[in-house]
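Visitor: After the structure tokens below, expect a handful of questions from me.
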Amino acid sequence: MKLPISWLKEFVDVDVDVQVICDALVNVGFEVEEIINYGEGISGVVVGKITEINKHPDADKLKICQVDVGKEVVTIVTGASNVNVGDVVPVALDGATLPDKTIKAAPLRGVMSYGMMCSGGELKISDAFVDGASVDGILILNDDLPLGRDIVSALELQETVLDVSITANRPDCHSILGLSREVATALNYGKGNASTRNAYVKFKMPSFEFCQHDVSANIPLVSVTSPDCPVYSSALIGDIKIDKSPKWMQRRLFMCGINPINNVVDITNYVLLEIGQPLHAFDLSMIEGNINVRRANDKEKIVALNDESYEMTGEMTLICDDKKALAIAGVMGGKYSGINDETKNVFLESARFSRGSVRSTSLKIGLRSDSSARFERGVDFYGVEYGRKRALALFEQLGAGRVLVDRPIIMPQSKVVTTTIDEINGLLGIELPKKNMIEILQSLGMDVVSEFRTLVVTIPAYREDIDNYTDLAEEIIRFYGYDNLGETFMPTAAVTVGGMTHKQKRIEETKDLLCAFGAYEIMTYSFTDENVYDKLNLDESDERRKAIKIINPISEDLSIMKTELVSGMISTISTNLTRKNDNFRLFELARVYQAQFPIKELPNENDVLCVGLVGANESFYELKNIFVSLLERFGVEFELTESAEPYLHPGISASLAVGGKVICSFGKIHPLVAKNFGIKKSDFSIGSIDLQAITVKKDTVAKYKPLPKFPPVERDLAFVVAESAAVGKIITAIKAQNSLVGDVELFDVYRGEQIEKGYKSVALKIKLVPKEKTLVDAEISNVMNAVVQMIKTDFDARVRE
Amino acid sequence: MKQKIVDLVESTKAKIDKAISAKELTDLKVEVLGKSGELTLILRGLKDLPEADRPIMGKVVNEARVALEKAIGSKIGELERKELNEKLMSERIDITIDNKRELGKIHPLNAIKRKAINFFVSMGFIVTDSPEIETTYYNFDMLNIPFDHPAREMQDTFFVTDKIILRTQTSSGQVRTMEKVKPPIKMISPGRVFRSDEADATHTPCFHQLEGLVVDKGITMCDLKGMLASFAKHFFSENSSVRFRPSHFPFTEPSVEVDASCPHCGGKGCNVCKGTGWIEILGAGMVNRRVLSGCGIDPDVYTGFAFGVGLDRITAICHGINDARVPFEGDIRFLKQF
């Protein structure tokens, strides 16, 4: 919202520095985004009159002008074609500054020029400030301006405009009036108000005075059938004299970003800015019969003021007469009912349209206007009534027409909030006296009746955001100042037991374990590209292809919710490899999303851990160790199985199953998948695990087993088996052979000389742990013989002596 | 005879001193103290002395023997230590070489999140999780964000269906907690949120918030300020302070933006705080009565406060990260810095 300081000062009788006003606004919750200074950067520019024009001896396009600037006559060489003797113009003298340049006396084609005559553009002004300022050429001024006078004061160019950002709860402050009320209250009661505390700042209302000249005039009747128009008021103005509006009005519209058009349209826009009420002026002669505010018919068409044709749908609202649509409610008027040079009588609309309806209409047809922007934020009954009245007062003030009839609305009953000072102080936690509370609320336009500690507050119609005592508390502390709040530590609150849930703790512990394994945590977006499933080689029927789609994604590559973390990990590995980073371990712990289609319920969100190992020293076994250690750490029992993951190397991959369900797969990346992700070297390992088995596993309290009392006996066993024999299975079988067998450790696997192809030599260290007494040789031999026999029969092993 | 013994001791000690190996010394020991060693021979010669002199000379011989044995023993010990030391020194390694299996690190954002969680847990807050894919009911309706509020428009929210969205704020967790748990409530809900912003230096479509909520009898806005001031002190530094600025959120009333004194310059003004000495760290306020009553909590009995911290933002502030996209890239050189 643009706030010209001169406009503000019409309502707030104060003469303080702009910075004081900015601080006042910021302190009560309105950020000042920009301070725009008109007339800034202009100095040494004066009013001058051209007294003589001669041709330049050496240049056809240049003229040598003698310009009277009051104290002296200076020679100025110009290339402008629109100047004549007798013209009064802005003259930038030697040493003058303009917003974009500095002027120095200099020869032009051999003739000294002691300054420059300026265009409106060079002074950064338009026709709204001075007629002729928008012309491409020198700005020709009124010839009654005193020669030599500084141009900034002569043309009243000086103005400061604040660009203020307004929070969504304060549509009333999208108006000069609303912001003025805030500023006045802040200056009188706000913090940092030392400069104004002793001089009470008066807040004045704009004039709503006008006469109705012909209450019996024939004004169209209005019927409202659309539910999106809670109130519609109107007035009739006759004897319209279409003209330009006065400069002060044009200038303010211009500084607030609205182009002046003519007095009638300018008045409606002026009220939009000042009171915050969008108005619409119809040419009465274009209205056939009466006004009907109704829902549009499907596919009904209307040509708007911008010459574009728009097609309506059934939930949009139109302003119509008996024959045709006149305007798109709250958005834009129709081309064939607008104000034109021939307009004699104006039918003025001041209405309230629901913000949701205006927003969706404006969005659907792709048409925004100052009016629709205002309705979207919310318009109140006060604005409907006083916006229209203000416009009528301006019609009278400007002589733009004679007010014939005004049709006011019946204002709804005012909201009353009853509270106590204790309730307000109780919420804030301070002891603010009643007097301060009442002062602030009254200054904001509320009526306060107080008896003892009770406050009965009547809320003005422009404050629809105020509903209960907490809203009043906010108003009070906003002005009294949040710096006056102390810092307390919940003296009245109960003591509570805090902490993370079991699941959260497990997740954090898992992350710490991964860090201990040397892995760094990454975070990637939760959405990805649908084509990652092809890149991962997933089967057409793979459940992970059933991803949740985002209806309005930013782009295709961020359009589905991840059902797996592997693709993101491979992409991150790829990013690192491209940047010549190698030798690293990464992990990501995040949610994946799986829904039942069609989606009616919220999807499942499962915590998944994904690990990637990259580098020459990494191997399948390193990765296996991480996942196995993790499950063992939390006491989750699992089985090792073959992996069927299509993105893994079929010979160098495995899965872990819990309760018969695979929860984890890992291994070397499949070379084709690496290639799909743009990675040439495919020597990295990747794996992921569904963490549910870990997060739901309860903490168990371990039961102490007495340590063995007798020394263990170690025996080495070397044997040759087929390559296909799994050492892990042999070890498990040996352990199961006899209860005396404790640890069995693999210490060598050998292939090569003396071992025929397709076989491997395996060496194990077997530890026998006696339970009741020291083992004798015979017992040891018995166990070992049984073991040897078992591996011969069960694994076709040849024992090496 | 006595002189002979003294001479023998002297000459032997000289030999001991000169000895450079343990073998020399054991040889010397045999030579002097052995069965037919010089001192042994002298001892045998005692029997030729007069009876009266024998005990005196015997004592002298014994003292000489003890002294020499001790001298040889200690010299052997010295030489063995020296030899061991030489052997050990010969095993000396190059300590500047690494055989590194480094520790990894959690992501800086999660490290910041943990730090925040630890503080609030120490204050008796429970930590809750809530869905990242959420209903409009919990994300908007129950938070007093009516259907025609601008925040509900397509440009901000990712939609899955017309009623299911990617949550735009962790505040949805407030409602879910209040529906299940009745006051006294102290909870935080950290997590991932989504808004349809194109990624740039200050925005990413995924980011993270930590929501906090306290509901009990007599909770005041000063309690909110006290809690957040204490948080800032634990989180940034002992000298940190907070200030409130008026703001607006549909789910709190009154609502404030909260600034902390700039952790980089301590409030003097620097380029991080753009010269103001303050940086915005979170939004907060007293829980809106409509939100409380919507969750079945009587707003005439209970009051509460809520706050929402932008974790990505405070991570960026703490570490001086000037591009919001980089933390999501997973470049190992980035991850190792924290």
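By order of appearance in the structure tokens: chains A, B, ..., then residues from 1 within every chain, and ligands from 1 in the order shown.
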Which residues are near B:Val6? Cut-off 12 Å, only C-alpha atoms, ignore same chain within fewer than 6 positions. Put them as a PyMOL selection string.
Guide: chain B and resi 12-13+39+42+57+60-61+63-65+67-68
Visitor: With a distance threshold of 7 Å and counting only C-alpha atoms, extract the residues of chain B near chain A and express them as a short mmCIF file (atom, residue, chain, number, x, y, z; two decimals) with C-alpha atoms, in the first residue's frame.
Guide:
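part-v4.cif was written with the following content:
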data_model
loop_
_atom_site.label_atom_id
_atom_site.label_comp_id
_atom_site.auth_asym_id
_atom_site.auth_seq_id
_atom_site.Cartn_x
_atom_site.Cartn_y
_atom_site.Cartn_z
CA ARG B 101 38.38 -44.51 8.69
CA GLU B 102 36.90 -41.15 9.62
CA LEU B 103 33.68 -40.55 11.50
CA GLY B 104 30.78 -39.25 9.42
CA LYS B 105 28.57 -36.35 10.40
CA ILE B 106 24.88 -35.70 10.48
CA HIS B 107 23.58 -33.04 8.12
CA VAL B 121 13.13 -31.65 25.86
CA GLY B 124 9.67 -30.84 29.58
CA PHE B 125 8.42 -30.76 25.98
CA ILE B 126 7.42 -33.96 24.24
CA VAL B 127 8.47 -34.43 20.62
CA ILE B 133 1.21 -35.54 3.48
CA GLU B 134 -1.68 -33.99 5.33
CA ASP B 148 -10.98 -18.18 1.07
CA PHE B 158 1.20 -28.68 -3.44
CA PHE B 159 -2.00 -30.66 -3.90
CA VAL B 160 -2.37 -34.44 -4.03
CA PRO B 184 -1.04 -29.46 30.34
CA SER B 196 5.49 -24.49 -4.30
CA GLU B 198 10.93 -22.39 -7.27
CA CYS B 206 11.06 -28.55 0.72
CA ASP B 216 -2.02 -24.82 30.32
CA LYS B 217 -3.81 -22.63 32.83
CA GLY B 218 -2.59 -19.05 33.07
CA ILE B 219 -0.04 -19.15 30.23
CA THR B 220 0.83 -15.56 29.24
CA MET B 221 2.63 -13.76 26.47
CA CYS B 222 5.43 -12.99 28.93
CA ASP B 223 5.85 -16.77 29.30
CA LYS B 225 8.88 -14.28 25.63
CA GLY B 226 10.68 -15.92 28.56
CA MET B 227 10.74 -19.31 26.84
CA ARG B 243 12.37 -8.82 20.68
CA PHE B 244 8.79 -9.11 19.47
CA ARG B 245 7.33 -7.30 16.48
CA PRO B 246 3.60 -7.30 15.75
CA SER B 247 2.53 -9.67 13.00
CA HIS B 248 -0.39 -11.81 11.93
CA GLU B 253 -3.79 -13.93 18.54
CA PRO B 254 -1.86 -11.79 19.38
CA PHE B 328 20.20 -30.32 -0.59
CA GLU B 329 22.95 -31.09 -3.09
CA GLY B 330 24.79 -33.60 -0.89
CA ASP B 331 28.25 -32.48 -2.01
CA ILE B 332 30.63 -34.26 0.35
CA LEU B 335 28.87 -32.07 4.41
#
Visitor: Pick out the residues sitting within 7 Å of A:Leu768, and hand them over as a list in words; count only C-alpha atoms, and ignore anything fewer than 3 positions along from it in its own chain.
Guide: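 Everything that qualifies: Pro712, Val713, Glu714, Leu740, Val741 and Gly742 of chain A.
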Visitor: May I have the residues within 7 Å of A:Thr313 as a PyMOL selection string, using only C-alpha atoms and disregarding those fewer than 6 positions away in the same chain?
Guide: chain A and resi 296-299
Visitor: Keeping only all heavy atoms, write the selected residues to a file as a JSON list (two decimals), in the first residue's frame.
Guide:
[["chain", "number", "residue", "atom", "x", "y", "z"],
["A", 296, "ALA", "N", -23.85, -15.57, -12.99],
["A", 296, "ALA", "CA", -23.77, -15.63, -14.44],
["A", 296, "ALA", "C", -24.35, -16.95, -14.95],
["A", 296, "ALA", "O", -24.42, -17.93, -14.21],
["A", 296, "ALA", "CB", -22.33, -15.49, -14.89],
["A", 297, "ASN", "N", -24.76, -16.96, -16.19],
["A", 297, "ASN", "CA", -25.11, -18.22, -16.82],
["A", 297, "ASN", "C", -23.83, -18.84, -17.34],
["A", 297, "ASN", "O", -22.89, -18.12, -17.70],
["A", 297, "ASN", "CB", -26.06, -17.98, -18.00],
["A", 297, "ASN", "CG", -27.33, -17.31, -17.56],
["A", 297, "ASN", "OD1", -27.88, -17.65, -16.50],
["A", 297, "ASN", "ND2", -27.76, -16.32, -18.32],
["A", 298, "ASP", "N", -23.79, -20.16, -17.40],
["A", 298, "ASP", "CA", -22.61, -20.82, -17.96],
["A", 298, "ASP", "C", -22.40, -20.33, -19.39],
["A", 298, "ASP", "O", -23.35, -20.24, -20.17],
["A", 298, "ASP", "CB", -22.81, -22.34, -17.96],
["A", 298, "ASP", "CG", -22.06, -22.97, -16.80],
["A", 298, "ASP", "OD1", -21.09, -22.33, -16.31],
["A", 298, "ASP", "OD2", -22.43, -24.09, -16.38],
["A", 299, "LYS", "N", -21.16, -19.99, -19.71],
["A", 299, "LYS", "CA", -20.75, -19.56, -21.05],
["A", 299, "LYS", "C", -21.29, -18.18, -21.44],
["A", 299, "LYS", "O", -21.18, -17.77, -22.59],
["A", 299, "LYS", "CB", -21.15, -20.59, -22.12],
["A", 299, "LYS", "CG", -20.51, -21.94, -21.81],
["A", 299, "LYS", "CD", -20.45, -22.82, -23.02],
["A", 299, "LYS", "CE", -19.60, -24.04, -22.68],
["A", 299, "LYS", "NZ", -19.88, -25.18, -23.51]]
Visitor: Which polymer residues have any atom within 9 Å of an atom of stretch 156-162 of chain A, counting only C-alpha atoms, with same-chain residues fewer than 5 positions away left out, as a PyMOL selection string?
Guide: chain A and resi 1-6+18+22+32-40+125+129+151+255-256
Visitor: For A:Tyr200, work out the shell of residues within 10 Å, counting only C-alpha atoms and skipping chain neighbours fewer than 4 positions away, then give it as a list of chain:residue names.
Guide: A:Asp13, A:Val14, A:Ala184, A:Thr185, A:Leu187, A:Asn188, A:Tyr189, A:Thr196
Visitor: Taking the chain letters and numbering used in this document, name the residues of stretch 27-176 of chain B that DSSP puts in strand (DSSP E), as a PyMOL selection string.
Guide: chain B and resi 126-127+133-135+164-166
